[in-house]
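Enquirer: Dropping in work_22.cif, with mmCIF, C-alpha atoms.
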```
data_structure
loop_
_atom_site.label_atom_id
_atom_site.label_comp_id
_atom_site.auth_asym_id
_atom_site.auth_seq_id
_atom_site.Cartn_x
_atom_site.Cartn_y
_atom_site.Cartn_z
CA MET A 1 49.03 275.75 150.23
CA ASN A 2 49.79 274.07 153.56
CA VAL A 3 50.02 270.70 151.78
CA MET A 4 52.45 272.18 149.27
CA ASP A 5 54.59 273.63 152.07
CA PHE A 6 54.60 270.25 153.78
CA ASN A 7 55.64 268.46 150.58
CA VAL A 8 58.44 270.98 149.96
CA LYS A 9 59.73 270.57 153.51
CA ARG A 10 59.55 266.81 153.24
CA PHE A 11 61.40 266.87 149.93
CA ALA A 12 64.08 269.10 151.43
CA ALA A 13 64.42 266.78 154.44
CA ASP A 14 64.71 263.68 152.20
CA ALA A 15 67.28 265.45 150.02
CA GLY A 16 69.26 266.41 153.12
CA THR A 17 69.19 262.84 154.41
CA PHE A 18 70.30 261.47 151.03
CA LEU A 19 73.14 264.00 150.84
CA SER A 20 74.22 263.19 154.37
CA ARG A 21 74.35 259.45 153.56
CA ALA A 22 76.24 260.09 150.33
CA VAL A 23 78.85 262.20 152.14
CA GLN A 24 79.24 259.59 154.89
CA PHE A 25 79.58 256.74 152.36
CA THR A 26 82.18 258.67 150.33
CA GLU A 27 84.23 259.58 153.40
CA GLU A 28 84.18 255.95 154.53
CA LYS A 29 85.48 254.82 151.14
CA LEU A 30 88.25 257.43 151.35
CA GLY A 31 89.12 256.39 154.91
CA GLN A 32 88.13 259.80 156.31
CA ALA A 33 85.24 258.62 158.48
CA GLU A 34 84.64 255.78 160.92
CA LYS A 35 82.22 252.98 160.09
CA THR A 36 80.05 251.07 162.54
CA GLU A 37 80.72 247.37 162.00
CA LEU A 38 77.91 244.82 162.26
CA ASP A 39 78.30 242.10 164.86
CA ALA A 40 79.89 238.83 163.71
CA ASN A 41 76.64 236.83 163.99
CA LEU A 42 74.75 239.24 161.74
CA GLU A 43 77.61 239.29 159.22
CA ASN A 44 77.59 235.47 159.11
CA LEU A 45 73.83 235.45 158.55
CA LEU A 46 74.16 237.97 155.71
CA THR A 47 76.89 235.85 154.08
CA LYS A 48 74.77 232.71 154.44
CA ALA A 49 71.78 234.42 152.82
CA GLU A 50 73.87 235.72 149.91
CA ASN A 51 75.42 232.28 149.30
CA THR A 52 71.96 230.70 149.42
CA LYS A 53 70.76 233.14 146.78
CA ILE A 54 73.77 232.56 144.50
CA TRP A 55 73.63 228.74 144.62
CA THR A 56 69.83 228.65 144.33
CA GLU A 57 70.09 230.64 141.09
CA LYS A 58 72.81 228.33 139.71
CA ILE A 59 70.95 225.12 140.63
CA MET A 60 67.73 226.48 139.13
CA LYS A 61 69.40 227.47 135.88
CA GLN A 62 71.15 224.14 135.42
CA THR A 63 67.99 222.19 136.27
CA GLU A 64 66.15 224.14 133.57
CA VAL A 65 68.94 223.22 131.12
CA LEU A 66 68.59 219.57 132.17
CA LEU A 67 64.84 219.60 131.57
CA GLN A 68 65.03 221.54 128.31
CA PRO A 69 68.47 221.50 126.55
CA ASN A 70 67.31 223.76 123.69
CA PRO A 71 68.00 227.40 124.74
CA ASN A 72 65.55 228.78 122.17
CA VAL A 73 62.70 226.73 123.63
CA ARG A 74 63.67 227.86 127.15
CA ILE A 75 63.51 231.50 126.06
CA GLU A 76 60.14 230.89 124.39
CA GLU A 77 58.75 229.22 127.54
CA PHE A 78 60.09 232.10 129.67
CA LEU A 79 58.33 234.68 127.48
CA TYR A 80 55.04 232.77 127.59
CA GLU A 81 55.35 232.59 131.38
CA LYS A 82 55.97 236.35 131.67
CA LEU A 83 53.01 237.04 129.36
CA GLU A 84 50.93 234.66 131.49
CA LYS A 85 50.01 232.64 128.42
CA LYS A 86 50.07 228.88 127.96
CA ALA A 87 52.97 227.68 125.84
CA PRO A 88 51.97 225.59 122.79
CA THR A 89 52.12 221.84 123.41
CA ARG A 90 54.86 220.16 121.43
CA MET A 91 56.22 216.62 121.28
CA ASN A 92 59.44 216.00 123.16
CA ASN A 93 62.32 214.17 121.46
CA HIS A 94 61.27 210.69 122.64
CA GLU A 95 57.68 211.18 121.53
CA LEU A 96 58.79 212.53 118.15
CA LEU A 97 61.15 209.59 117.63
CA GLY A 98 58.36 207.21 118.60
CA GLN A 99 55.98 208.79 116.13
CA TYR A 100 58.55 208.52 113.32
CA MET A 101 59.05 204.83 114.14
CA ILE A 102 55.32 204.17 114.12
CA ASP A 103 54.85 206.03 110.83
CA SER A 104 57.73 204.13 109.24
CA ALA A 105 56.24 200.84 110.50
CA THR A 106 53.01 201.69 108.70
CA ASP A 107 54.98 202.41 105.53
CA PHE A 108 57.06 199.20 105.71
CA GLY A 109 54.06 197.13 106.74
CA PRO A 110 53.23 196.20 110.34
CA GLY A 111 52.97 192.56 109.25
CA THR A 112 56.72 192.40 108.51
CA ALA A 113 59.21 191.65 111.25
CA TYR A 114 60.97 194.99 110.79
CA GLY A 115 57.72 196.94 110.67
CA ASN A 116 56.41 195.17 113.77
CA ALA A 117 59.67 195.88 115.62
CA LEU A 118 59.56 199.55 114.63
CA ALA A 119 55.98 199.81 115.88
CA LYS A 120 56.87 198.28 119.24
CA CYS A 121 59.97 200.49 119.57
CA GLY A 122 57.87 203.53 118.68
CA GLU A 123 55.31 202.75 121.38
CA THR A 124 58.10 202.33 123.93
CA GLN A 125 59.67 205.65 122.95
CA LYS A 126 56.30 207.31 123.38
CA GLN A 127 55.97 205.75 126.84
CA ILE A 128 59.42 207.10 127.73
CA GLY A 129 58.41 210.51 126.37
CA SER A 130 55.25 210.47 128.48
CA GLY A 131 57.31 209.56 131.55
CA GLU A 132 59.71 212.40 130.78
CA ARG A 133 56.81 214.84 130.54
CA GLU A 134 55.54 213.74 133.98
CA PHE A 135 59.07 214.04 135.41
CA ILE A 136 59.45 217.58 134.03
CA GLN A 137 56.06 218.62 135.37
CA SER A 138 56.78 217.17 138.82
CA THR A 139 60.20 218.84 138.94
CA ALA A 140 58.77 222.20 137.89
CA ILE A 141 56.09 222.10 140.61
CA ASN A 142 57.97 220.49 143.51
CA PHE A 143 61.52 221.71 142.88
CA LEU A 144 61.84 224.75 140.63
CA THR A 145 58.78 226.65 141.87
CA PRO A 146 59.84 226.69 145.58
CA PHE A 147 63.35 227.79 144.56
CA ARG A 148 61.90 230.57 142.39
CA ASN A 149 59.52 231.64 145.16
CA PHE A 150 62.48 232.06 147.51
CA LEU A 151 64.36 234.26 145.04
CA GLU A 152 61.34 236.37 144.07
CA GLY A 153 59.80 236.52 147.56
CA ASP A 154 61.84 235.90 150.70
CA PHE A 155 65.18 237.04 149.32
CA LYS A 156 63.73 240.24 147.86
CA THR A 157 62.35 241.06 151.30
CA ILE A 158 65.75 240.32 152.87
CA SER A 159 67.47 242.55 150.29
CA LYS A 160 65.03 245.39 150.99
CA GLU A 161 65.56 245.20 154.76
CA ARG A 162 69.32 244.86 154.26
CA LYS A 163 69.33 248.07 152.24
CA LEU A 164 67.34 249.82 154.98
CA LEU A 165 69.90 248.57 157.53
CA GLN A 166 72.69 250.04 155.40
CA ASN A 167 70.89 253.40 155.30
CA LYS A 168 70.29 253.38 159.06
CA ARG A 169 73.95 252.57 159.61
CA LEU A 170 74.99 255.53 157.44
CA ASP A 171 72.59 257.80 159.39
CA LEU A 172 74.08 256.56 162.67
CA ASP A 173 77.67 257.13 161.58
CA ALA A 174 76.80 260.57 160.16
CA ALA A 175 75.26 261.48 163.54
CA LYS A 176 78.43 260.28 165.32
CA THR A 177 80.53 262.43 163.00
CA ARG A 178 78.36 265.53 163.62
CA LEU A 179 78.54 265.02 167.38
CA LYS A 180 82.30 264.65 167.23
CA LYS A 181 82.66 267.87 165.19
CA ALA A 182 80.26 269.75 167.50
CA ARG A 183 82.28 268.75 170.58
CA VAL A 184 85.53 269.81 168.92
CA ALA A 185 83.98 273.17 167.99
CA GLU A 186 82.63 273.59 171.53
CA ALA A 187 86.05 272.93 173.03
CA LYS A 188 87.68 275.45 170.68
CA ALA A 189 85.04 278.07 171.46
CA ALA A 190 85.55 277.59 175.20
CA GLN A 191 89.32 277.91 174.77
CA LEU A 192 88.98 281.12 172.67
CA ASN A 193 86.49 282.56 175.17
CA GLN A 194 89.07 282.16 177.96
CA CYS A 195 91.66 284.05 175.92
CA GLN A 196 89.22 286.57 174.41
CA PRO A 197 85.97 286.98 176.39
CA SER A 198 84.37 288.67 173.38
CA GLY A 199 85.00 285.60 171.15
CA GLU A 200 82.51 282.88 170.08
CA ASN A 201 79.69 282.14 172.47
CA PRO A 202 80.33 278.59 173.86
CA MET A 203 76.63 278.27 174.76
CA MET A 204 75.76 278.17 171.06
CA TRP A 205 78.01 275.15 170.56
CA ALA A 206 76.69 273.55 173.74
CA GLU A 207 73.24 273.64 172.15
CA GLU A 208 74.66 272.07 168.99
CA VAL A 209 76.23 269.30 171.07
CA THR A 210 72.89 268.67 172.80
CA LYS A 211 71.10 268.45 169.42
CA ALA A 212 73.78 266.11 168.04
CA GLU A 213 73.53 263.85 171.12
CA GLN A 214 69.74 263.68 170.77
CA GLU A 215 70.08 262.87 167.04
CA LEU A 216 72.63 260.17 167.86
CA ARG A 217 70.26 258.52 170.36
CA ILE A 218 67.46 258.49 167.75
CA THR A 219 69.65 257.10 164.96
CA GLN A 220 71.15 254.50 167.31
CA SER A 221 67.65 253.35 168.29
CA GLU A 222 66.53 253.15 164.64
CA PHE A 223 69.68 251.26 163.68
CA ASP A 224 69.26 248.72 166.51
CA ARG A 225 65.61 248.20 165.59
CA GLN A 226 66.44 247.66 161.88
CA ALA A 227 69.32 245.33 162.77
CA GLU A 228 66.92 243.17 164.82
CA ILE A 229 64.35 243.07 161.98
CA THR A 230 67.06 242.06 159.51
CA ARG A 231 68.40 239.43 161.91
CA LEU A 232 64.98 237.81 162.35
CA LEU A 233 64.54 237.58 158.57
CA LEU A 234 68.03 236.15 158.08
CA GLU A 235 67.48 233.50 160.74
CA GLY A 236 64.67 232.20 158.53
CA ILE A 237 67.30 231.06 156.00
CA SER A 238 67.75 227.88 158.05
CA GLY A 239 64.05 227.18 157.51
CA THR A 240 64.55 227.84 153.80
CA HIS A 241 67.34 225.25 153.71
CA ALA A 242 65.04 222.71 155.41
CA HIS A 243 62.30 223.41 152.86
CA HIS A 244 64.74 223.13 149.95
CA LEU A 245 65.96 219.82 151.37
CA ARG A 246 62.42 218.43 151.14
CA CYS A 247 62.19 219.77 147.58
CA LEU A 248 65.48 218.06 146.77
CA ASN A 249 64.11 214.76 148.07
CA ASP A 250 61.03 215.21 145.86
CA PHE A 251 63.28 215.87 142.85
CA VAL A 252 65.39 212.76 143.47
CA GLU A 253 62.25 210.65 143.97
CA ALA A 254 60.75 211.93 140.69
CA GLN A 255 64.04 211.28 138.90
CA ALA A 256 64.32 207.77 140.32
CA THR A 257 60.72 207.02 139.32
CA TYR A 258 61.30 208.26 135.79
CA TYR A 259 64.49 206.25 135.24
CA ALA A 260 62.92 203.15 136.80
CA GLN A 261 60.00 203.49 134.39
CA CYS A 262 62.39 203.85 131.44
CA TYR A 263 64.32 200.78 132.58
CA GLN A 264 61.14 198.70 132.86
CA TYR A 265 59.83 199.89 129.48
CA LEU A 266 63.10 198.91 127.80
CA LEU A 267 63.22 195.53 129.56
CA ASP A 268 59.74 194.76 128.27
CA LEU A 269 60.80 195.91 124.81
CA GLN A 270 63.84 193.63 124.90
CA LYS A 271 61.61 190.65 125.64
CA GLN A 272 59.29 191.53 122.77
CA LEU A 273 62.15 192.01 120.32
CA GLY A 274 63.74 188.74 121.45
CA SER A 275 60.60 186.84 120.39
CA PHE A 276 61.00 187.85 116.71
CA PRO A 277 62.35 185.21 114.26
CA SER A 278 65.92 185.75 113.17
CA THR A 279 65.00 185.32 109.47
CA PHE A 280 62.15 186.64 107.39
CA SER A 281 61.19 186.45 103.69
CA SER A 282 61.72 189.40 101.41
CA ASN A 283 58.84 191.37 99.88
CA ASN A 284 59.14 189.53 96.52
CA ASN A 285 58.35 186.19 98.28
CA GLN A 286 61.79 184.75 97.47
CA THR A 287 63.29 182.57 100.17
CA SER A 288 66.38 184.08 101.68
CA THR A 289 69.47 181.93 101.14
CA SER A 290 71.24 183.27 104.19
CA SER A 291 69.76 183.92 107.57
CA LEU A 292 70.42 187.08 109.55
CA PRO A 293 72.08 186.43 112.90
CA SER A 294 69.89 187.08 115.87
CA ILE A 295 71.09 189.94 118.02
CA SER A 296 71.04 189.43 121.75
CA VAL A 297 70.70 192.77 123.53
CA PRO A 298 72.17 192.54 127.01
CA SER A 299 69.98 193.85 129.78
CA ILE A 300 71.42 196.61 131.93
CA PRO A 301 71.06 196.10 135.67
CA ILE A 302 69.99 199.09 137.74
CA SER A 303 73.09 198.77 139.88
CA THR A 304 75.40 199.44 136.92
CA SER A 305 77.66 202.30 137.93
CA LEU A 306 78.24 205.22 135.59
CA PRO A 307 81.24 207.52 135.53
CA THR A 308 80.54 210.29 138.03
CA GLN A 309 83.05 212.71 136.61
CA ALA A 310 81.79 212.71 133.00
CA ASN A 311 79.59 215.78 133.34
CA SER A 312 82.23 217.77 135.18
CA VAL A 313 84.80 216.95 132.50
CA VAL A 314 82.43 218.11 129.74
CA THR A 315 81.55 221.30 131.62
CA SER A 316 85.19 222.10 132.35
CA GLY A 317 86.03 221.56 128.66
CA PHE A 318 83.56 224.24 127.58
CA SER A 319 84.71 226.54 130.41
CA GLU A 320 88.34 226.21 129.32
CA LEU A 321 87.36 226.90 125.72
CA ARG A 322 85.46 230.05 126.71
CA ALA A 323 88.42 231.21 128.81
CA SER A 324 90.91 230.73 125.96
CA SER A 325 91.14 232.40 122.59
CA GLY A 326 91.60 229.14 120.68
CA SER A 327 89.23 226.76 118.92
CA ARG A 328 88.28 223.08 119.29
CA LYS A 329 86.70 220.37 117.19
CA ALA A 330 83.27 219.23 118.33
CA ARG A 331 80.93 216.42 117.30
CA VAL A 332 77.25 217.30 116.85
CA LEU A 333 74.98 215.14 119.04
CA TYR A 334 71.59 216.04 117.51
CA ASP A 335 70.18 217.79 114.47
CA TYR A 336 69.57 221.50 115.08
CA ASP A 337 67.66 223.94 112.88
CA ALA A 338 68.90 227.53 113.06
CA ALA A 339 66.27 229.96 114.36
CA ASP A 340 67.72 232.92 112.43
CA SER A 341 70.66 234.01 110.26
CA SER A 342 72.94 234.43 113.30
CA GLU A 343 72.80 230.69 114.06
CA LEU A 344 74.26 227.67 112.26
CA SER A 345 72.13 224.60 111.43
CA LEU A 346 73.65 221.31 112.54
CA LEU A 347 73.48 217.67 111.46
CA ALA A 348 73.95 214.84 113.94
CA ASP A 349 77.43 213.22 113.95
CA GLU A 350 79.10 215.91 111.84
CA VAL A 351 82.30 217.52 113.15
CA ILE A 352 82.61 221.31 113.25
CA THR A 353 85.04 223.86 114.66
CA VAL A 354 83.86 225.85 117.68
CA TYR A 355 85.29 228.84 119.51
CA SER A 356 84.15 231.49 121.96
CA VAL A 357 83.42 235.16 121.28
CA PRO A 358 83.67 237.79 124.07
CA GLY A 359 80.28 238.75 125.45
CA MET A 360 78.49 235.64 124.15
CA ASP A 361 75.96 233.87 126.37
CA SER A 362 77.43 230.89 128.24
CA ASP A 363 74.92 228.52 126.58
CA TRP A 364 76.33 229.25 123.10
CA LEU A 365 79.55 229.06 121.07
CA MET A 366 80.46 230.16 117.54
CA GLY A 367 80.49 227.24 115.11
CA GLN A 368 82.22 227.04 111.75
CA ARG A 369 81.75 224.58 108.91
CA GLY A 370 83.88 225.56 105.93
CA ASN A 371 82.85 229.13 105.08
CA GLN A 372 79.64 228.93 107.12
CA LYS A 373 79.63 230.47 110.59
CA GLY A 374 76.98 230.97 113.26
CA ARG A 375 76.01 230.52 116.88
CA VAL A 376 75.44 226.94 118.10
CA PRO A 377 74.05 225.71 121.46
CA ILE A 378 76.65 223.85 123.57
CA THR A 379 74.06 221.27 124.69
CA TYR A 380 74.12 219.90 121.13
CA LEU A 381 77.91 219.45 121.11
CA GLU A 382 80.55 217.07 122.38
CA LEU A 383 84.10 218.45 122.44
CA LEU A 384 86.72 216.20 120.84
CA ASN A 385 90.26 215.74 122.12
#
```
Would you encode the structure as C-alpha cells?

Expert:
Amino acid sequence: MNVMDFNVKRFAADAGTFLSRAVQFTEEKLGQAEKTELDANLENLLTKAENTKIWTEKIMKQTEVLLQPNPNVRIEEFLYEKLEKKAPTRMNNHELLGQYMIDSATDFGPGTAYGNALAKCGETQKQIGSGEREFIQSTAINFLTPFRNFLEGDFKTISKERKLLQNKRLDLDAAKTRLKKARVAEAKAAQLNQCQPSGENPMMWAEEVTKAEQELRITQSEFDRQAEITRLLLEGISGTHAHHLRCLNDFVEAQATYYAQCYQYLLDLQKQLGSFPSTFSSNNNQTSTSSLPSISVPSIPISTSLPTQANSVVTSGFSELRASSGSRKARVLYDYDAADSSELSLLADEVITVYSVPGMDSDWLMGQRGNQKGRVPITYLELLN
C-alpha cells in the first residue's frame, strides 16, 4: 500500500511538472512570459552540433548513392542490415560485363582475334569490378561507419541532454514566474492590511515568497548543472570534426587507389589490344580482300582535368525539374528492370519523358514512354536540353 501511495504521489508530481512546463512554454510562445536565454557560446555550440548532424546525414546519403546507384538495392541492403542478416553476394556491373565478354569469347572462339580481345577485355572488367568491391568495402568501414556511429551515438546523447536542458530551463522560468506572482500578491496583501487590518494575512504570502525563492534556487542550480553537462558534450564536436577529417583522408586515399588501379588495368589492356593484327581471316577460311584499319586508342594521362561543375549541373537540373510542374526529355544511361508494376523498365540509350509528382522520393521521377508510365530512378537518367 505504501508503494502504491508513493507511485501515485510520484505520478502526480510528474504530471504537475509536465503541466507547469507546458504552461510556461505556451506563455512564452504567446509573449506572456519571460524566457531565460542561453549564453552566446552555448548557442554557437548548439548551432555547430546541429549543422554537423545535418551535413553528416547529407554526405552519408550521397556517398551511399555513389557506391550503389540502384535505390532498390540500397533499400534491400538496408533491410538486411536492420535484420542483422548477410546480404546475398551479387556481381557488380563491371564484373557482370566482364563475365558476358568472357562468355561471348567462348562462343566466338578464343582462338579468333575478336574472341581473344573479348576475353582480355572481360578479365580487365572483372579486375576493375574487384577493385570497386574493395573500394566500397573500405569506404563503408573507414568512412560511412564512423559517420553513422556519430549520428546514432554521440548526437543522440547530445539531443537527449539538450532536451533535458530545455526542460530545466522551463522549470527555471516557471519558478521565476511563481516568485514574481507571489511577491506581487504579498505586496497587495500588505497594502490591503494597512487599509483593512482584518484583510488577507501578509504572513501567508511571505511564506509563499520564501517557498518560491527556495524553488528558484533549486531550479537555477539544476539548470546551471545541466547547461555545463550539455556544454561539455557540445565541445566534443571539435573532436568529431577531427575524426571525420581522418575518415575523409581515408576515403580519398581509397578512391585514389581504386582509380589508379583502373587506370593501370586499362593501360595494360591497351597494350594487349595493340598487339593484335589489324586483319584476320573469316570463319569460312576465305581471305579477306580488304583489311580492317587498326584502331589506335589514345592513353589518358592521370593529370587530365575533368569538368568540375558537371555533377552540380546534373543535380541542379533534377532539382529544378522537381521544383517545377513541367516535364523534360531524358536519355536512359543503363538498362533497368522494373521491380513492380509501379515502376517503368528502361532500355539504355532510349529517350523518355520525365516529370515530378508531389510527395515522391527525391531519388525517383515519373517516366513516360508512349502510354506506359511508371517510376524511374534518376541515377539511370541524363536530362536533355

Enquirer: Need the neighbours of (76.5, 260.3, 161.4): which residues are at most 10 Å away, counting only C-alpha atoms, as a ChimeraX atom specification?

Expert: /A:20-21,23-24,33-36,168-180,212,215-216,219-220

Enquirer: Point out the residue among A:Ala323, A:Ala348, A:Ile237, A:Ala119 with the least atom-to-atom distance to Asp103 (chain A), counting all atoms listed in the file.

Expert: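 Nearest candidate to Asp103 (chain A) out of A:Ala323, A:Ala348, A:Ile237, A:Ala119: A:Ala119.
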
Enquirer: Could you work out how far CA of Ala189 (chain A) lies from CA of Thr210 (chain A), giving the answer in Å with one decimal?

Expert: 15.4 Å

Enquirer: Considering only C-alpha atoms, state which residue in the set A:Leu144, A:Leu266, A:Leu273, A:Ala40 is at the smallest distance from Leu118 (chain A).

Expert: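 Among A:Leu144, A:Leu266, A:Leu273, A:Ala40, it is A:Leu273 that comes nearest to Leu118 (chain A).
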
Enquirer: If you apply the PyMOL selection byres ((chain A and resi 251) around 9) to this file, what residues do you get, as a tab-separated table (two decimals) with C-alpha atoms, keeping the file's coordinate frame?

Expert:
```tsv
chain	number	residue	atom	x	y	z
A	135	PHE	CA	59.07	214.04	135.41
A	138	SER	CA	56.78	217.17	138.82
A	139	THR	CA	60.20	218.84	138.94
A	142	ASN	CA	57.97	220.49	143.51
A	143	PHE	CA	61.52	221.71	142.88
A	246	ARG	CA	62.42	218.43	151.14
A	247	CYS	CA	62.19	219.77	147.58
A	248	LEU	CA	65.48	218.06	146.77
A	249	ASN	CA	64.11	214.76	148.07
A	250	ASP	CA	61.03	215.21	145.86
A	252	VAL	CA	65.39	212.76	143.47
A	253	GLU	CA	62.25	210.65	143.97
A	254	ALA	CA	60.75	211.93	140.69
A	255	GLN	CA	64.04	211.28	138.90
A	256	ALA	CA	64.32	207.77	140.32
```

Enquirer: Just so I have it separately, write region 136-214 of chain A from the block I sent, keeping C-alpha atoms, as a short mmCIF file (atom, residue, chain, number, x, y, z; two decimals), in the first residue's frame.

Expert:
```cif
data_model
loop_
_atom_site.label_atom_id
_atom_site.label_comp_id
_atom_site.auth_asym_id
_atom_site.auth_seq_id
_atom_site.Cartn_x
_atom_site.Cartn_y
_atom_site.Cartn_z
CA ILE A 136 33.23 0.06 -51.48
CA GLN A 137 34.23 -2.14 -48.56
CA SER A 138 36.98 0.26 -47.47
CA THR A 139 34.65 3.25 -47.74
CA ALA A 140 31.93 1.51 -45.75
CA ILE A 141 34.33 0.63 -42.91
CA ASN A 142 36.55 3.73 -42.76
CA PHE A 143 34.12 6.45 -43.87
CA LEU A 144 30.44 5.58 -43.59
CA THR A 145 30.61 3.62 -40.31
CA PRO A 146 32.24 6.45 -38.27
CA PHE A 147 29.71 8.93 -39.68
CA ARG A 148 26.84 6.59 -38.79
CA ASN A 149 28.26 5.99 -35.31
CA PHE A 150 28.25 9.74 -34.70
CA LEU A 151 24.60 10.09 -35.72
CA GLU A 152 23.41 7.03 -33.81
CA GLY A 153 25.66 7.52 -30.77
CA ASP A 154 27.19 10.89 -29.91
CA PHE A 155 24.49 13.04 -31.47
CA LYS A 156 21.67 11.06 -29.85
CA THR A 157 23.33 11.68 -26.48
CA ILE A 158 23.66 15.39 -27.29
CA SER A 159 19.99 15.53 -28.31
CA LYS A 160 18.94 13.84 -25.07
CA GLU A 161 20.95 16.24 -22.90
CA ARG A 162 19.74 19.19 -24.98
CA LYS A 163 16.14 18.18 -24.31
CA LEU A 164 16.90 17.92 -20.59
CA LEU A 165 18.42 21.41 -20.72
CA GLN A 166 15.24 22.71 -22.35
CA ASN A 167 13.14 21.15 -19.57
CA LYS A 168 15.38 22.58 -16.85
CA ARG A 169 15.14 25.99 -18.49
CA LEU A 170 11.33 25.78 -18.50
CA ASP A 171 11.38 24.75 -14.80
CA LEU A 172 13.64 27.72 -14.00
CA ASP A 173 11.45 30.22 -15.84
CA ALA A 174 8.29 28.77 -14.27
CA ALA A 175 9.89 29.22 -10.82
CA LYS A 176 10.77 32.84 -11.69
CA THR A 177 7.17 33.44 -12.73
CA ARG A 178 5.80 31.94 -9.50
CA LEU A 179 8.16 34.04 -7.39
CA LYS A 180 7.16 37.18 -9.26
CA LYS A 181 3.44 36.45 -8.74
CA ALA A 182 3.99 35.61 -5.05
CA ARG A 183 5.79 38.93 -4.45
CA VAL A 184 3.02 40.85 -6.22
CA ALA A 185 0.40 39.07 -4.10
CA GLU A 186 2.42 39.75 -0.93
CA ALA A 187 2.65 43.45 -1.74
CA LYS A 188 -1.10 43.65 -2.40
CA ALA A 189 -1.88 41.81 0.85
CA ALA A 190 0.35 44.19 2.82
CA GLN A 191 -1.34 47.19 1.20
CA LEU A 192 -4.86 45.83 1.96
CA ASN A 193 -3.84 45.02 5.53
CA GLN A 194 -2.85 48.66 6.09
CA CYS A 195 -6.26 49.84 4.85
CA GLN A 196 -8.24 46.98 6.43
CA PRO A 197 -6.45 45.24 9.33
CA SER A 198 -8.89 42.32 9.04
CA GLY A 199 -7.90 41.67 5.38
CA GLU A 200 -5.57 38.98 3.98
CA ASN A 201 -2.79 37.80 6.25
CA PRO A 202 0.52 39.03 4.69
CA MET A 203 2.43 36.34 6.59
CA MET A 204 0.80 33.67 4.43
CA TRP A 205 2.16 35.32 1.29
CA ALA A 206 5.54 35.83 2.93
CA GLU A 207 5.72 32.04 3.34
CA GLU A 208 4.78 31.61 -0.33
CA VAL A 209 7.56 34.01 -1.32
CA THR A 210 10.05 32.05 0.79
CA LYS A 211 8.97 28.77 -0.85
CA ALA A 212 9.19 30.32 -4.33
CA GLU A 213 12.70 31.69 -3.60
CA GLN A 214 13.86 28.27 -2.40
#
```
